[in-house]
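So this block is run.txt, compact mmCIF, C-alpha atoms:
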# COMPACT_ATOMS: atom_id res chain seq x y z
CA MET C 1 23.76 15.61 5.27
CA ALA C 2 21.10 12.89 5.16
CA LYS C 3 17.43 13.78 5.20
CA ALA C 4 15.48 13.08 8.37
CA GLN C 5 13.61 9.79 8.37
CA GLU C 6 9.92 9.76 9.27
CA ASN C 7 7.48 6.98 10.15
CA TYR C 8 4.54 6.17 7.88
CA GLU C 9 1.72 3.66 7.49
CA THR C 10 0.10 2.68 4.23
CA ILE C 11 -2.94 0.58 3.41
CA ALA C 12 -3.69 -0.57 -0.13
CA ILE C 13 -6.89 -2.29 -1.23
CA PHE C 14 -6.55 -4.49 -4.30
CA SER C 15 -9.35 -5.59 -6.62
CA LEU C 16 -10.40 -9.24 -6.37
CA THR C 17 -11.57 -9.41 -10.00
CA GLU C 18 -8.10 -10.16 -11.37
CA GLY C 19 -7.62 -13.33 -9.33
CA GLU C 20 -5.28 -14.54 -6.58
CA GLU C 21 -2.12 -14.51 -8.71
CA ASN C 22 -2.56 -10.84 -9.60
CA ILE C 23 -3.21 -9.93 -5.95
CA ALA C 24 -0.04 -11.76 -4.90
CA ALA C 25 1.92 -9.99 -7.65
CA LEU C 26 0.61 -6.57 -6.56
CA SER C 27 1.41 -7.27 -2.90
CA GLU C 28 4.95 -8.35 -3.81
CA ARG C 29 5.42 -5.35 -6.10
CA PHE C 30 4.53 -2.83 -3.40
CA LYS C 31 6.46 -4.65 -0.66
CA THR C 32 9.55 -4.63 -2.89
CA LEU C 33 9.07 -0.98 -3.88
CA ILE C 34 8.85 0.10 -0.25
CA GLU C 35 11.80 -2.10 0.79
CA GLU C 36 13.96 -0.50 -1.94
CA ASN C 37 13.11 3.05 -0.83
CA ALA C 38 12.47 2.75 2.91
CA THR C 39 12.99 0.64 6.01
CA VAL C 40 10.02 -1.69 6.49
CA ASN C 41 8.98 -2.01 10.14
CA ASN C 42 5.89 -4.20 9.78
CA VAL C 43 3.91 -5.93 7.00
CA GLU C 44 0.44 -7.38 7.53
CA GLU C 45 -1.62 -9.12 4.86
CA TRP C 46 -5.15 -8.53 6.10
CA GLY C 47 -6.56 -10.51 3.19
CA LYS C 48 -10.07 -10.34 1.79
CA ARG C 49 -12.43 -8.02 3.64
CA ARG C 50 -15.75 -6.39 2.97
CA LEU C 51 -15.56 -2.76 1.85
CA ALA C 52 -17.50 -0.10 3.74
CA TYR C 53 -19.09 0.91 0.44
CA PRO C 54 -18.87 -0.43 -3.14
CA ILE C 55 -15.93 0.79 -5.24
CA ASN C 56 -16.32 0.22 -8.99
CA ASP C 57 -19.20 -2.18 -8.21
CA GLU C 58 -16.93 -4.29 -5.97
CA THR C 59 -17.95 -5.02 -2.38
CA GLU C 60 -14.77 -6.81 -1.23
CA GLY C 61 -11.06 -6.15 -1.57
CA HIS C 62 -7.69 -7.55 -0.50
CA TYR C 63 -6.01 -5.37 2.14
CA LEU C 64 -2.25 -4.87 2.56
CA PHE C 65 -0.91 -2.87 5.55
CA ILE C 66 2.73 -1.73 5.78
CA GLU C 67 4.53 0.40 8.37
CA PHE C 68 7.77 1.95 7.13
CA THR C 69 10.39 4.64 7.80
CA SER C 70 11.56 6.77 4.88
CA ALA C 71 12.66 10.19 3.70
CA PRO C 72 9.75 12.66 3.49
CA ASP C 73 9.70 12.68 -0.34
CA PHE C 74 9.07 8.92 -0.83
CA PRO C 75 5.36 8.79 0.22
CA ALA C 76 4.40 11.18 -2.61
CA GLU C 77 6.10 8.88 -5.14
CA LEU C 78 4.44 5.81 -3.58
CA ASP C 79 1.04 7.53 -3.83
CA ARG C 80 1.68 8.37 -7.50
CA ILE C 81 2.49 4.71 -8.24
CA TYR C 82 -0.64 3.51 -6.37
CA LYS C 83 -2.78 5.82 -8.52
CA ILE C 84 -1.41 4.58 -11.86
CA THR C 85 -1.38 0.86 -10.99
CA GLU C 86 -4.18 -1.26 -12.43
CA GLY C 87 -5.91 -3.30 -9.72
CA VAL C 88 -5.47 -0.85 -6.83
CA LEU C 89 -8.97 0.19 -5.67
CA ARG C 90 -7.89 2.55 -2.88
CA SER C 91 -4.76 3.50 -0.99
CA LEU C 92 -3.89 5.64 2.00
CA ILE C 93 -0.54 6.83 3.34
CA VAL C 94 -0.35 8.57 6.71
CA ALA C 95 2.55 10.03 8.66
CA LYS C 96 2.75 8.67 12.19
CA THR C 97 3.44 11.17 14.93
CA ASN C 98 5.65 10.08 17.79

Output the structure of this file as structure tokens.
Amino acid sequence: MAKAQENYETIAIFSLTEGEENIAALSERFKTLIEENATVNNVEEWGKRRLAYPINDETEGHYLFIEFTSAPDFPAELDRIYKITEGVLRSLIVAKTN
């Protein structure tokens, strides 16, 4: 029996210090990771935005927003990968209630 699928949203903020190519590579990496493990419903590149407060002395970051549907165990793995990836300033994954 297949596990129930649930809806999630994730936002990742990437550091701008590594340059545009690294930001593009990080965006592609996480889009691909989510596509391989979930059904992607929506992807929005919000681009460079000012942070509410400095993180590691940075005041701006590149935002990536993705809505996806997956098994309940995938978001924990996604969060683990966010935390160990160089260049990710902050990330958030939330379950959407219907």

Residues around (-5.8, 3.8, -4.4), cut-off 12 Å, counting all atoms listed in the file - what are they as an MDAnalysis selection string? chainID C and resid 10:15 55 61 63:64 78:93

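The coordinates place CA of Tyr8 (chain C) at 18.6 Å from CA of Glu28 (chain C).
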
Pick out the closest residue to Asn41 (chain C) from this set: C:Asn7, C:Pro72, C:Gly19, C:Asn56. Count only C-alpha atoms.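 Using only C-alpha atoms, Asn41 (chain C) sits closest to C:Asn7.
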
Go through C:Leu33, C:Ala25, C:Ile66, C:Ala76 one by one, measure the shortest atom-to-atom distance of each to Glu45 (chain C) using only C-alpha atoms, and give the residue with the smallest value.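 The closest residue to Glu45 (chain C) is C:Ile66.
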
Smallest atom-to-atom distance to Gly47 (chain C): which of C:Glu18, C:Glu9, C:Glu60, C:Glu35, using all atoms listed in the file?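 Checking each of C:Glu18, C:Glu9, C:Glu60, C:Glu35 against Gly47 (chain C), counting all atoms listed in the file, the winner is C:Glu60.
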
Just want the 6 Å neighbourhood of Thr59 (chain C), counted on all atoms listed in the file, with same-chain residues fewer than 2 positions away dropped. Output as a short mmCIF file (atom, residue, chain, number, x, y, z; two decimals) with C-alpha atoms, in the frame of the given file.
data_model
loop_
_atom_site.label_atom_id
_atom_site.label_comp_id
_atom_site.auth_asym_id
_atom_site.auth_seq_id
_atom_site.Cartn_x
_atom_site.Cartn_y
_atom_site.Cartn_z
CA ARG C 50 -15.75 -6.39 2.97
CA LEU C 51 -15.56 -2.76 1.85
CA PRO C 54 -18.87 -0.43 -3.14
#

Point-to-point distance from CA of Ser27 (chain C) to CA of Ala4 (chain C), Å rounded to tenths: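 It comes out at 27.2 Å.
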
Kindly give the distance, in Å, that separates CA of Glu77 (chain C) and CA of Thr17 (chain C), rounded to a single decimal. 25.9 Å

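Considering the residues C:Asn42, C:Lys31, C:Thr69, C:Phe74 and counting only C-alpha atoms, Thr97 (chain C) has its shortest atom-to-atom contact with C:Thr69.
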